[in-house]
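Undergrad: Supplied structure: entry-v1.pdb, PDB, C-alpha atoms.
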```pdb
ATOM      1  CA  MET A 283      17.263   7.989  -4.271
ATOM      2  CA  LEU A 284      19.874   8.608  -1.545
ATOM      3  CA  LEU A 285      22.625   7.538  -3.943
ATOM      4  CA  TRP A 286      21.243   9.830  -6.652
ATOM      5  CA  CYS A 287      21.056  12.845  -4.311
ATOM      6  CA  MET A 288      24.602  12.211  -3.002
ATOM      7  CA  THR A 289      25.974  11.914  -6.532
ATOM      8  CA  ILE A 290      24.285  15.168  -7.584
ATOM      9  CA  ASN A 291      25.631  16.849  -4.416
ATOM     10  CA  MET A 292      29.184  15.777  -5.282
ATOM     11  CA  ILE A 293      28.839  16.947  -8.903
ATOM     12  CA  CYS A 294      27.426  20.323  -7.797
ATOM     13  CA  ILE A 295      30.193  20.821  -5.221
ATOM     14  CA  TYR A 296      32.874  19.854  -7.761
ATOM     15  CA  TYR A 297      31.716  22.397 -10.353
ATOM     16  CA  LEU A 298      31.042  25.025  -7.677
ATOM     17  CA  PHE A 299      34.609  24.843  -6.355
ATOM     18  CA  ARG A 300      35.969  24.908  -9.891
ATOM     19  CA  GLY A 301      34.070  28.198 -10.257
ATOM     20  CA  GLU A 302      32.028  27.007 -13.251
ATOM     21  CA  VAL A 303      28.661  27.468 -11.474
ATOM     22  CA  ASN A 304      27.526  29.665  -8.573
ATOM     23  CA  ILE A 305      25.445  28.612  -5.557
ATOM     24  CA  VAL A 306      22.125  29.664  -7.102
ATOM     25  CA  GLU A 307      22.871  27.732 -10.297
ATOM     26  CA  SER A 308      23.883  24.661  -8.272
ATOM     27  CA  TYR A 309      20.545  24.774  -6.418
ATOM     28  CA  ILE A 310      18.689  25.097  -9.740
ATOM     29  CA  PHE A 311      20.610  22.036 -10.957
ATOM     30  CA  LYS A 312      19.613  20.180  -7.788
ATOM     31  CA  ILE A 313      15.931  21.095  -8.185
ATOM     32  CA  MET A 314      16.089  19.731 -11.746
ATOM     33  CA  SER A 315      17.640  16.521 -10.392
ATOM     34  CA  TYR A 316      14.749  16.235  -7.882
ATOM     35  CA  GLY A 317      12.293  16.473 -10.768
ATOM     36  CA  LEU A 318      14.153  13.720 -12.606
ATOM     37  CA  ILE A 319      14.256  11.306  -9.668
ATOM     38  CA  ILE A 320      10.586  11.886  -8.753
ATOM     39  CA  GLY A 321       9.583  11.391 -12.395
ATOM     40  CA  PHE A 322      11.663   8.212 -12.620
ATOM     41  CA  ARG A 323      10.162   6.775  -9.448
ATOM     42  CA  TYR A 324       6.577   7.542 -10.536
ATOM     43  CA  TYR A 325       7.061   5.793 -13.844
ATOM     44  CA  ASN A 326       9.230   2.943 -12.515
ATOM     45  CA  TYR A 327       7.050  -0.152 -12.104
ATOM     46  CA  ASN A 328       8.806  -1.484  -8.991
ATOM     47  CA  SER A 329       8.698   1.890  -7.252
ATOM     48  CA  THR A 330       4.958   2.303  -7.787
ATOM     49  CA  LYS A 331       4.430  -1.174  -6.323
ATOM     50  CA  THR A 332       6.258  -0.287  -3.097
ATOM     51  CA  PHE A 333       4.084   2.832  -2.675
ATOM     52  CA  PHE A 334       1.482   0.464  -1.202
ATOM     53  CA  TYR A 335       3.810  -0.357   1.688
ATOM     54  CA  PHE A 336       4.282   3.291   2.611
ATOM     55  CA  ARG A 337       0.577   4.018   2.235
ATOM     56  CA  ASN A 338      -0.322   1.012   4.417
ATOM     57  CA  ALA A 339       2.188   2.276   6.983
ATOM     58  CA  GLY A 340       0.287   5.582   7.009
ATOM     59  CA  TYR A 341       2.894   7.684   5.214
ATOM     60  CA  GLY A 342       1.831  10.089   2.460
ATOM     61  CA  ILE A 343       4.094   9.645  -0.564
ATOM     62  CA  ASP A 344       4.125  13.403  -1.306
ATOM     63  CA  ARG A 345       5.082  14.132   2.305
ATOM     64  CA  LEU A 346       7.850  11.512   2.165
ATOM     65  CA  TYR A 347       9.329  13.185  -0.922
ATOM     66  CA  LEU A 348       8.997  16.629   0.666
ATOM     67  CA  TYR A 349      10.797  15.563   3.854
ATOM     68  CA  ALA A 350      13.523  13.596   2.037
ATOM     69  CA  LEU A 351      14.297  16.340  -0.482
ATOM     70  CA  THR A 352      14.166  19.114   2.135
ATOM     71  CA  CYS A 353      16.652  17.144   4.254
ATOM     72  CA  ASP A 354      18.880  16.697   1.192
ATOM     73  CA  ALA A 355      18.756  20.418   0.342
ATOM     74  CA  LEU A 356      19.616  21.306   3.961
ATOM     75  CA  ALA A 357      22.428  18.733   4.075
ATOM     76  CA  TYR A 358      23.792  20.159   0.812
ATOM     77  CA  GLY A 359      23.732  23.680   2.271
ATOM     78  CA  ILE A 360      25.515  22.574   5.452
ATOM     79  CA  LEU A 361      28.123  20.571   3.497
ATOM     80  CA  LEU A 362      28.720  23.519   1.197
ATOM     81  CA  SER A 363      29.141  25.932   4.131
ATOM     82  CA  LEU A 364      31.604  23.596   5.871
ATOM     83  CA  LEU A 365      33.678  23.119   2.727
ATOM     84  CA  LYS A 366      33.763  26.903   2.101
ATOM     85  CA  LEU A 367      34.875  27.368   5.721
ATOM     86  CA  VAL A 368      37.608  24.744   5.346
ATOM     87  CA  LYS A 369      38.740  26.331   2.088
ATOM     88  CA  TYR A 370      38.875  29.751   3.802
ATOM     89  CA  TRP A 371      40.915  28.361   6.725
ATOM     90  CA  VAL A 372      43.303  26.638   4.340
ATOM     91  CA  SER A 373      43.805  29.927   2.452
ATOM     92  CA  ILE A 374      44.594  31.755   5.768
ATOM     93  CA  PHE A 375      46.965  29.222   7.267
TER      94      PHE A 375
ATOM     95  CA  MET B 255     -12.791   1.746  20.622
ATOM     96  CA  GLY B 256     -15.946   2.750  18.744
ATOM     97  CA  GLN B 257     -17.409   0.523  16.056
ATOM     98  CA  TYR B 258     -16.621   2.471  12.909
ATOM     99  CA  ILE B 259     -18.439   1.747   9.668
ATOM    100  CA  LEU B 260     -16.896   2.097   6.232
ATOM    101  CA  LYS B 261     -19.417   2.915   3.500
ATOM    102  CA  THR B 262     -18.795   3.012  -0.220
ATOM    103  CA  ASP B 263     -21.571   4.328  -2.399
ATOM    104  CA  SER B 264     -22.288   5.495  -5.964
ATOM    105  CA  VAL B 265     -18.984   4.460  -7.489
ATOM    106  CA  HIS B 266     -18.780   5.126 -11.227
ATOM    107  CA  LEU B 267     -15.729   3.726 -12.947
ATOM    108  CA  GLU B 268     -15.067   3.501 -16.681
ATOM    109  CA  PHE B 269     -12.096   2.255 -18.698
ATOM    110  CA  ASP B 270     -11.990   3.411 -22.329
ATOM    111  CA  GLY B 271     -15.712   4.132 -22.313
ATOM    112  CA  ARG B 272     -16.536   0.680 -20.886
ATOM    113  CA  LYS B 273     -18.516   0.934 -17.660
ATOM    114  CA  ILE B 274     -16.892  -1.280 -14.998
ATOM    115  CA  LEU B 275     -18.679  -0.126 -11.854
ATOM    116  CA  GLN B 276     -21.895   1.870 -11.868
ATOM    117  CA  ASP B 277     -24.275   0.849  -9.093
ATOM    118  CA  ILE B 278     -22.171   0.075  -6.072
ATOM    119  CA  TYR B 279     -22.990   0.032  -2.394
ATOM    120  CA  LEU B 280     -20.682  -1.722   0.027
ATOM    121  CA  ASP B 281     -20.381  -1.276   3.750
ATOM    122  CA  CYS B 282     -18.258  -2.909   6.419
ATOM    123  CA  ARG B 283     -18.339  -2.518  10.185
ATOM    124  CA  GLN B 284     -15.429  -3.050  12.514
ATOM    125  CA  GLY B 285     -15.973  -6.532  13.869
ATOM    126  CA  GLU B 286     -17.058  -8.178  10.619
ATOM    127  CA  VAL B 287     -15.558  -9.809   7.537
ATOM    128  CA  VAL B 288     -17.236  -8.971   4.244
ATOM    129  CA  GLY B 289     -16.524 -11.297   1.323
ATOM    130  CA  LEU B 290     -16.517  -9.785  -2.159
ATOM    131  CA  LEU B 291     -17.042 -12.158  -5.077
ATOM    132  CA  GLY B 292     -17.320 -11.703  -8.818
ATOM    133  CA  ARG B 293     -16.086 -12.976 -12.149
ATOM    134  CA  ASN B 294     -12.736 -12.033 -13.687
ATOM    135  CA  GLY B 295     -12.699  -8.406 -14.794
ATOM    136  CA  CYS B 296     -15.925  -7.482 -12.976
ATOM    137  CA  GLY B 297     -14.156  -4.772 -10.970
ATOM    138  CA  LYS B 298     -13.456  -6.353  -7.559
ATOM    139  CA  SER B 299      -9.847  -5.189  -7.372
ATOM    140  CA  SER B 300     -10.772  -1.839  -8.881
ATOM    141  CA  LEU B 301     -13.418  -1.321  -6.203
ATOM    142  CA  LEU B 302     -10.909  -2.093  -3.444
ATOM    143  CA  ARG B 303      -8.406   0.323  -5.005
ATOM    144  CA  VAL B 304     -11.110   2.998  -5.271
ATOM    145  CA  ILE B 305     -11.848   2.596  -1.546
ATOM    146  CA  PHE B 306      -8.130   2.637  -0.721
ATOM    147  CA  GLY B 307      -7.662   5.766  -2.834
ATOM    148  CA  SER B 308      -5.072   4.558  -5.341
ATOM    149  CA  LEU B 309      -7.577   4.483  -8.243
ATOM    150  CA  LYS B 310      -9.605   7.552  -9.160
ATOM    151  CA  PRO B 311     -13.090   6.816 -10.537
ATOM    152  CA  THR B 312     -15.465   9.262 -12.245
ATOM    153  CA  TYR B 313     -17.423   9.499  -9.002
ATOM    154  CA  LYS B 314     -17.360   7.896  -5.578
ATOM    155  CA  HIS B 315     -18.536   8.486  -2.048
ATOM    156  CA  VAL B 316     -16.482   6.757   0.612
ATOM    157  CA  SER B 317     -17.031   7.523   4.277
ATOM    158  CA  ILE B 318     -16.016   6.266   7.693
ATOM    159  CA  ASP B 319     -18.654   6.915  10.335
ATOM    160  CA  ASP B 320     -20.463   9.138   7.808
ATOM    161  CA  LYS B 321     -17.422  11.391   7.436
ATOM    162  CA  HIS B 322     -16.355  11.593   3.808
ATOM    163  CA  ILE B 323     -12.814  10.427   3.136
ATOM    164  CA  TYR B 324     -11.010  11.408  -0.044
ATOM    165  CA  LYS B 325      -8.374   8.689   0.095
ATOM    166  CA  GLY B 326      -8.702   5.658   2.377
ATOM    167  CA  TYR B 327      -4.990   5.510   3.079
ATOM    168  CA  ASP B 328      -4.906   9.055   4.474
ATOM    169  CA  ASP B 329      -4.135   8.883   8.207
ATOM    170  CA  GLY B 330      -3.723   5.119   7.840
ATOM    171  CA  ARG B 331      -7.470   4.419   8.164
ATOM    172  CA  VAL B 332      -7.506   1.764   5.424
ATOM    173  CA  ALA B 333      -4.814  -0.759   4.447
ATOM    174  CA  TYR B 334      -4.787  -2.688   1.168
ATOM    175  CA  LEU B 335      -3.154  -5.962   0.168
ATOM    176  CA  PRO B 336      -2.505  -5.703  -3.588
ATOM    177  CA  GLN B 337      -2.178  -8.770  -5.797
ATOM    178  CA  HIS B 338       1.481  -7.992  -6.448
ATOM    179  CA  ASN B 339       4.443  -7.841  -4.066
ATOM    180  CA  TYR B 340       4.624  -4.500  -2.310
ATOM    181  CA  LEU B 341       7.442  -4.597   0.240
ATOM    182  CA  PRO B 342      10.566  -2.536  -0.568
ATOM    183  CA  GLN B 343      13.322  -5.008  -1.444
ATOM    184  CA  ASN B 344      16.309  -3.566   0.408
ATOM    185  CA  ILE B 345      15.005  -2.938   3.919
ATOM    186  CA  LYS B 346      15.127  -5.608   6.636
ATOM    187  CA  ILE B 347      11.791  -7.235   7.436
ATOM    188  CA  GLN B 348      11.985  -6.349  11.135
ATOM    189  CA  SER B 349      12.309  -2.660  10.198
ATOM    190  CA  LEU B 350       9.420  -2.886   7.736
ATOM    191  CA  ALA B 351       7.245  -4.660  10.306
ATOM    192  CA  GLY B 352       8.027  -2.103  13.018
ATOM    193  CA  THR B 353       6.251   0.714  11.213
ATOM    194  CA  ILE B 354       3.253  -1.175   9.871
ATOM    195  CA  ILE B 355       2.152  -3.683  12.550
ATOM    196  CA  ASP B 356      -0.604  -2.682  14.973
ATOM    197  CA  PRO B 357       0.996  -2.477  18.466
ATOM    198  CA  GLN B 358      -1.818  -4.593  19.956
ATOM    199  CA  PHE B 359      -0.791  -7.452  17.627
ATOM    200  CA  THR B 360       2.998  -7.017  17.757
ATOM    201  CA  ASP B 361       3.623  -9.957  20.117
ATOM    202  CA  GLU B 362       1.358 -12.236  18.099
ATOM    203  CA  PHE B 363       2.954 -11.240  14.785
ATOM    204  CA  THR B 364       6.530 -11.529  16.004
ATOM    205  CA  SER B 365       5.827 -14.994  17.433
ATOM    206  CA  LEU B 366       4.840 -16.347  13.997
ATOM    207  CA  SER B 367       7.381 -18.779  12.567
ATOM    208  CA  ILE B 368       7.518 -16.965   9.217
ATOM    209  CA  TYR B 369       8.647 -13.796  11.051
ATOM    210  CA  GLN B 370      10.963 -15.621  13.450
ATOM    211  CA  ASP B 371      12.696 -17.355  10.540
ATOM    212  CA  HIS B 372      13.097 -14.317   8.279
ATOM    213  CA  HIS B 373      12.964 -11.092  10.342
ATOM    214  CA  HIS B 374      16.700 -10.493   9.868
ATOM    215  CA  LYS B 375      16.467 -10.868   6.067
ATOM    216  CA  LYS B 376      15.417  -8.489   3.311
ATOM    217  CA  PRO B 377      12.326  -9.245   1.152
ATOM    218  CA  GLY B 378      14.566  -9.846  -1.871
ATOM    219  CA  GLN B 379      16.120 -12.827  -0.050
ATOM    220  CA  LEU B 380      12.786 -14.673   0.423
ATOM    221  CA  SER B 381      11.085 -17.098  -1.957
ATOM    222  CA  GLY B 382       7.905 -15.950  -3.728
ATOM    223  CA  GLY B 383       5.655 -17.990  -1.417
ATOM    224  CA  GLU B 384       7.379 -16.846   1.777
ATOM    225  CA  LEU B 385       7.235 -13.221   0.682
ATOM    226  CA  ARG B 386       3.537 -13.420  -0.202
ATOM    227  CA  GLN B 387       2.750 -15.023   3.158
ATOM    228  CA  LEU B 388       4.646 -12.320   5.027
ATOM    229  CA  GLU B 389       3.088  -9.495   3.001
ATOM    230  CA  THR B 390      -0.416 -10.848   3.604
ATOM    231  CA  LEU B 391       0.192 -11.193   7.340
ATOM    232  CA  MET B 392       1.733  -7.712   7.581
ATOM    233  CA  CYS B 393      -1.361  -6.269   5.929
ATOM    234  CA  ILE B 394      -3.828  -8.192   8.128
ATOM    235  CA  TYR B 395      -1.943  -7.170  11.296
ATOM    236  CA  SER B 396      -1.494  -3.539  10.170
ATOM    237  CA  ARG B 397      -2.612  -0.521  12.194
ATOM    238  CA  ALA B 398      -5.524   0.431   9.913
ATOM    239  CA  ASP B 399      -9.143   0.295  11.089
ATOM    240  CA  PHE B 400     -10.193  -1.357   7.831
ATOM    241  CA  ILE B 401      -8.249  -3.964   5.857
ATOM    242  CA  LEU B 402      -8.843  -4.711   2.164
ATOM    243  CA  LEU B 403      -7.448  -8.069   1.059
ATOM    244  CA  ASP B 404      -7.158  -8.706  -2.677
ATOM    245  CA  GLU B 405      -6.712 -12.435  -3.306
ATOM    246  CA  PRO B 406      -4.983 -13.448  -0.047
ATOM    247  CA  PHE B 407      -5.630 -17.171  -0.701
ATOM    248  CA  THR B 408      -4.192 -17.271  -4.209
ATOM    249  CA  HIS B 409      -0.769 -18.938  -4.545
ATOM    250  CA  VAL B 410      -0.792 -20.198  -0.943
ATOM    251  CA  SER B 411      -1.110 -23.769   0.271
ATOM    252  CA  PRO B 412      -4.344 -25.010   1.920
ATOM    253  CA  VAL B 413      -2.610 -25.121   5.326
ATOM    254  CA  GLN B 414      -1.558 -21.483   4.983
ATOM    255  CA  ALA B 415      -5.054 -20.528   3.777
ATOM    256  CA  GLU B 416      -6.490 -22.077   6.961
ATOM    257  CA  MET B 417      -3.965 -20.123   9.048
ATOM    258  CA  PHE B 418      -4.879 -16.869   7.263
ATOM    259  CA  LYS B 419      -8.574 -17.484   7.895
ATOM    260  CA  GLY B 420      -7.968 -17.936  11.623
ATOM    261  CA  ILE B 421      -5.944 -14.726  11.785
ATOM    262  CA  ILE B 422      -8.514 -12.797   9.696
ATOM    263  CA  ARG B 423     -11.272 -13.886  12.096
ATOM    264  CA  LYS B 424      -9.182 -12.873  15.113
ATOM    265  CA  CYS B 425      -8.232  -9.456  13.721
ATOM    266  CA  ALA B 426     -11.813  -8.862  12.574
ATOM    267  CA  LYS B 427     -12.847  -8.651  16.227
ATOM    268  CA  VAL B 428     -11.393  -5.124  16.269
ATOM    269  CA  LYS B 429     -11.155  -4.280  12.557
ATOM    270  CA  GLY B 430     -13.383  -4.338   9.506
ATOM    271  CA  ILE B 431     -12.078  -6.624   6.788
ATOM    272  CA  ILE B 432     -13.162  -6.829   3.139
ATOM    273  CA  VAL B 433     -11.734  -9.845   1.366
ATOM    274  CA  THR B 434     -11.949 -10.971  -2.248
ATOM    275  CA  ASP B 435     -10.619 -14.105  -3.911
ATOM    276  CA  HIS B 436     -11.541 -16.545  -6.666
ATOM    277  CA  GLN B 437     -11.365 -19.384  -4.109
ATOM    278  CA  TYR B 438     -14.997 -18.688  -3.192
ATOM    279  CA  TYR B 439     -15.190 -21.579  -0.706
ATOM    280  CA  ASN B 440     -12.541 -19.866   1.426
ATOM    281  CA  ILE B 441     -14.488 -16.596   1.182
ATOM    282  CA  LEU B 442     -17.748 -18.336   2.149
ATOM    283  CA  ASP B 443     -15.924 -19.916   5.078
ATOM    284  CA  VAL B 444     -14.283 -16.784   6.485
ATOM    285  CA  ALA B 445     -16.841 -14.055   5.687
ATOM    286  CA  ASP B 446     -19.769 -13.022   7.860
ATOM    287  CA  ARG B 447     -21.493 -11.530   4.821
ATOM    288  CA  ILE B 448     -21.093 -11.972   1.066
ATOM    289  CA  VAL B 449     -21.487  -9.351  -1.639
ATOM    290  CA  LEU B 450     -21.341 -10.237  -5.336
ATOM    291  CA  ILE B 451     -20.372  -7.838  -8.095
ATOM    292  CA  THR B 452     -22.191  -8.590 -11.314
ATOM    293  CA  ASP B 453     -22.866  -6.307 -14.296
ATOM    294  CA  GLY B 454     -21.130  -3.453 -12.472
ATOM    295  CA  SER B 455     -23.413  -3.514  -9.438
ATOM    296  CA  THR B 456     -23.322  -5.095  -5.996
ATOM    297  CA  LYS B 457     -25.792  -7.781  -4.922
ATOM    298  CA  ALA B 458     -26.182  -9.029  -1.361
ATOM    299  CA  ILE B 459     -25.837 -12.803  -1.172
ATOM    300  CA  ASN B 460     -28.076 -14.260   1.514
ATOM    301  CA  ASN B 461     -27.306 -17.917   0.885
ATOM    302  CA  PRO B 462     -24.844 -19.794  -1.364
ATOM    303  CA  ASP B 463     -27.654 -20.709  -3.806
ATOM    304  CA  ASP B 464     -27.825 -17.016  -4.774
ATOM    305  CA  LEU B 465     -24.378 -17.458  -6.312
ATOM    306  CA  ILE B 466     -25.871 -20.051  -8.679
ATOM    307  CA  ARG B 467     -28.853 -17.784  -9.399
ATOM    308  CA  TYR B 468     -26.511 -14.960 -10.411
ATOM    309  CA  ARG B 469     -24.468 -17.474 -12.475
ATOM    310  CA  TYR B 470     -21.285 -16.897 -10.529
ATOM    311  CA  ILE B 471     -20.959 -20.655  -9.992
ATOM    312  CA  SER B 472     -22.737 -23.627 -11.538
ATOM    313  CA  HIS B 473     -22.847 -25.697  -8.347
ATOM    314  CA  ILE B 474     -21.599 -25.589  -4.764
ATOM    315  CA  ILE B 475     -18.604 -27.777  -3.912
TER     316      ILE B 475
END
```
Show the structure stored in the file as structure tokens.

TA:
Amino acid sequence: MLLWCMTINMICIYYLFRGEVNIVESYIFKIMSYGLIIGFRYYNYNSTKTFFYFRNAGYGIDRLYLYALTCDALAYGILLSLLKLVKYWVSIF
Amino acid sequence: MGQYILKTDSVHLEFDGRKILQDIYLDCRQGEVVGLLGRNGCGKSSLLRVIFGSLKPTYKHVSIDDKHIYKGYDDGRVAYLPQHNYLPQNIKIQSLAGTIIDPQFTDEFTSLSIYQDHHHKKPGQLSGGELRQLETLMCIYSRADFILLDEPFTHVSPVQAEMFKGIIRKCAKVKGIIVTDHQYYNILDVADRIVLITDGSTKAINNPDDLIRYRYISHII
């Protein structure tokens, strides 16, 4: 899941800096990717088996997804801001 | 700690129009081991999954201390050992154990040889038998007030089964444990009380001869 989110982040940033998508479109693309990964994990046999571990540990699966994907969206926003800042500095100096 | 009681009542479960469970009452207090017996396909595992909350029946009433609970796993009140492997494959066992083991049993669990030998490994690096042993122990020692064990004695050696029974008895001093297995002699040995599922309903078993009367077994070994 982490690998998937990082890959999508890189793809979004690449197309964003090429000017082919804007920030809103990149977030829409990311939301679609969240839907895909959640759908895959619900229908993947091994993933559904490991749900029992998280439930036994007292974690709600929905809450785990919410926290993980919120963190990813925030990390994407921060990464994007930093890269825009770097790009701006490079254009000045 | 108060002596909580887990009650399961009026469970109705159907698969493709076939009634699996229809007249169910099962209770378990903290401090006791309840053995659940029944033939293949009678609904033992389904009942445990209904209590745990991972299987949705047509109707159920599950409560702890007379407070209705929608899903047993909410707030970590109930833990469930499924028949299949359930540990994530790529996380070290010591990390997995850290979040699931009841703090009052941490020293006991970490002193077990199976943990000592493999705590630095990932579940994918263990043999099938080692992994099953570790998963069973992690479930028995988990933080939940009530533990549901689905076939803990299957695919383990007699020596390990004896070890599990000792640990189940010890943990049952502070937890309620419901255990089911086809090795009925192990269930008779470890359980304080036996309940049989037959024709979709639960029957209290007062002595082993009742198992013959309900045609669960032909004779006692």

Undergrad: Running the ChimeraX specification (/B :<10) & /A on this model by hand, what would come out? Give it as number ranges by chain.

TA: A: 328-342

Undergrad: So how many Å separate CA of Thr364 in chain B and CA of Thr390 in chain B, to one decimal?

TA: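 Spanning CA of Thr364 in chain B to CA of Thr390 in chain B is a straight-line distance of 14.2 Å.
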
Undergrad: Starting from the shown file, work through the PyMOL selection byres ((chain B and resi 258-262) around 7) and note down what comes out as a PyMOL selection string.

TA: chain B and resi 256-257+263+279-284+315-319

Undergrad: Do a neighbour search on Gln348 in chain B at 9 Å with all atoms listed in the file, toss out local chain neighbours closer than 5 positions, and write the hits as a list in words.

TA: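 Within the cut-off, the hits are Thr364, Tyr369, His372, His373, His374, Lys375 and Lys376 of chain B.
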
Undergrad: Please list, as a PDB file with C-alpha atoms, keeping the file's coordinate frame, the residues that have an atom at most 8 Å away from (-25.3, -25.9, -3.0) in the coordinates of this file, counting all atoms listed in the file.

TA:
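Output contents, as saved in point17.pdb:
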```pdb
ATOM      1  CA  PRO B 462     -24.844 -19.794  -1.364  1.00  0.00           C
ATOM      2  CA  ASP B 463     -27.654 -20.709  -3.806  1.00  0.00           C
ATOM      3  CA  HIS B 473     -22.847 -25.697  -8.347  1.00  0.00           C
ATOM      4  CA  ILE B 474     -21.599 -25.589  -4.764  1.00  0.00           C
ATOM      5  CA  ILE B 475     -18.604 -27.777  -3.912  1.00  0.00           C
TER       6      ILE B 475
END
```

Undergrad: Where atoms are absent from range 463-470 of chain B, fill them in so it carries all heavy atoms, then output it as an mmCIF file, keeping the file's coordinate frame.

TA:
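Saved file out30.cif follows:
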```cif
data_model
loop_
_atom_site.group_PDB
_atom_site.id
_atom_site.type_symbol
_atom_site.label_atom_id
_atom_site.label_comp_id
_atom_site.auth_asym_id
_atom_site.auth_seq_id
_atom_site.Cartn_x
_atom_site.Cartn_y
_atom_site.Cartn_z
ATOM 1 N N ASP B 463 -26.885 -20.443 -2.579
ATOM 2 C CA ASP B 463 -27.654 -20.709 -3.806
ATOM 3 C C ASP B 463 -27.809 -19.450 -4.661
ATOM 4 O O ASP B 463 -27.985 -19.538 -5.880
ATOM 5 C CB ASP B 463 -29.041 -21.264 -3.448
ATOM 6 C CG ASP B 463 -28.955 -22.682 -2.904
ATOM 7 O OD1 ASP B 463 -27.939 -23.351 -3.208
ATOM 8 O OD2 ASP B 463 -29.873 -23.097 -2.182
ATOM 9 N N ASP B 464 -27.741 -18.270 -4.005
ATOM 10 C CA ASP B 464 -27.825 -17.016 -4.774
ATOM 11 C C ASP B 464 -26.681 -16.905 -5.769
ATOM 12 O O ASP B 464 -26.814 -16.270 -6.813
ATOM 13 C CB ASP B 464 -27.789 -15.806 -3.834
ATOM 14 C CG ASP B 464 -29.089 -15.660 -3.048
ATOM 15 O OD1 ASP B 464 -30.074 -16.311 -3.435
ATOM 16 O OD2 ASP B 464 -29.092 -14.901 -2.068
ATOM 17 N N LEU B 465 -25.534 -17.506 -5.408
ATOM 18 C CA LEU B 465 -24.378 -17.458 -6.312
ATOM 19 C C LEU B 465 -24.675 -18.226 -7.597
ATOM 20 O O LEU B 465 -24.203 -17.860 -8.680
ATOM 21 C CB LEU B 465 -23.123 -18.035 -5.634
ATOM 22 C CG LEU B 465 -22.600 -17.255 -4.426
ATOM 23 C CD1 LEU B 465 -21.460 -18.019 -3.750
ATOM 24 C CD2 LEU B 465 -22.102 -15.879 -4.856
ATOM 25 N N ILE B 466 -25.469 -19.294 -7.488
ATOM 26 C CA ILE B 466 -25.871 -20.051 -8.679
ATOM 27 C C ILE B 466 -26.894 -19.227 -9.477
ATOM 28 O O ILE B 466 -26.828 -19.137 -10.694
ATOM 29 C CB ILE B 466 -26.462 -21.424 -8.271
ATOM 30 C CG1 ILE B 466 -25.404 -22.236 -7.520
ATOM 31 C CG2 ILE B 466 -26.962 -22.187 -9.498
ATOM 32 C CD1 ILE B 466 -25.908 -23.527 -6.908
ATOM 33 N N ARG B 467 -27.805 -18.588 -8.734
ATOM 34 C CA ARG B 467 -28.853 -17.784 -9.399
ATOM 35 C C ARG B 467 -28.234 -16.646 -10.214
ATOM 36 O O ARG B 467 -28.697 -16.335 -11.310
ATOM 37 C CB ARG B 467 -29.797 -17.223 -8.319
ATOM 38 C CG ARG B 467 -31.050 -16.574 -8.863
ATOM 39 C CD ARG B 467 -32.134 -16.493 -7.792
ATOM 40 N NE ARG B 467 -31.713 -15.704 -6.637
ATOM 41 C CZ ARG B 467 -31.843 -14.394 -6.553
ATOM 42 N NH1 ARG B 467 -32.339 -13.713 -7.571
ATOM 43 N NH2 ARG B 467 -31.447 -13.741 -5.474
ATOM 44 N N TYR B 468 -27.185 -16.048 -9.680
ATOM 45 C CA TYR B 468 -26.511 -14.960 -10.411
ATOM 46 C C TYR B 468 -25.439 -15.483 -11.379
ATOM 47 O O TYR B 468 -24.672 -14.720 -11.927
ATOM 48 C CB TYR B 468 -25.876 -13.973 -9.430
ATOM 49 C CG TYR B 468 -26.865 -13.097 -8.720
ATOM 50 C CD1 TYR B 468 -27.025 -13.169 -7.341
ATOM 51 C CD2 TYR B 468 -27.631 -12.172 -9.427
ATOM 52 C CE1 TYR B 468 -27.929 -12.354 -6.675
ATOM 53 C CE2 TYR B 468 -28.551 -11.368 -8.777
ATOM 54 C CZ TYR B 468 -28.683 -11.467 -7.396
ATOM 55 O OH TYR B 468 -29.590 -10.658 -6.752
ATOM 56 N N ARG B 469 -25.382 -16.812 -11.523
ATOM 57 C CA ARG B 469 -24.468 -17.474 -12.475
ATOM 58 C C ARG B 469 -22.997 -17.192 -12.182
ATOM 59 O O ARG B 469 -22.173 -17.125 -13.091
ATOM 60 C CB ARG B 469 -24.798 -17.078 -13.916
ATOM 61 C CG ARG B 469 -26.177 -17.538 -14.316
ATOM 62 C CD ARG B 469 -26.473 -17.192 -15.735
ATOM 63 N NE ARG B 469 -27.811 -17.633 -16.106
ATOM 64 C CZ ARG B 469 -28.357 -17.383 -17.271
ATOM 65 N NH1 ARG B 469 -27.690 -16.731 -18.187
ATOM 66 N NH2 ARG B 469 -29.568 -17.800 -17.534
ATOM 67 N N TYR B 470 -22.694 -17.016 -10.906
ATOM 68 C CA TYR B 470 -21.285 -16.897 -10.529
ATOM 69 C C TYR B 470 -20.656 -18.284 -10.487
ATOM 70 O O TYR B 470 -19.512 -18.473 -10.878
ATOM 71 C CB TYR B 470 -21.159 -16.195 -9.169
ATOM 72 C CG TYR B 470 -19.748 -16.184 -8.628
ATOM 73 C CD1 TYR B 470 -18.736 -15.451 -9.264
ATOM 74 C CD2 TYR B 470 -19.398 -16.918 -7.492
ATOM 75 C CE1 TYR B 470 -17.441 -15.458 -8.794
ATOM 76 C CE2 TYR B 470 -18.108 -16.919 -7.003
ATOM 77 C CZ TYR B 470 -17.135 -16.187 -7.662
ATOM 78 O OH TYR B 470 -15.844 -16.200 -7.192
#
```
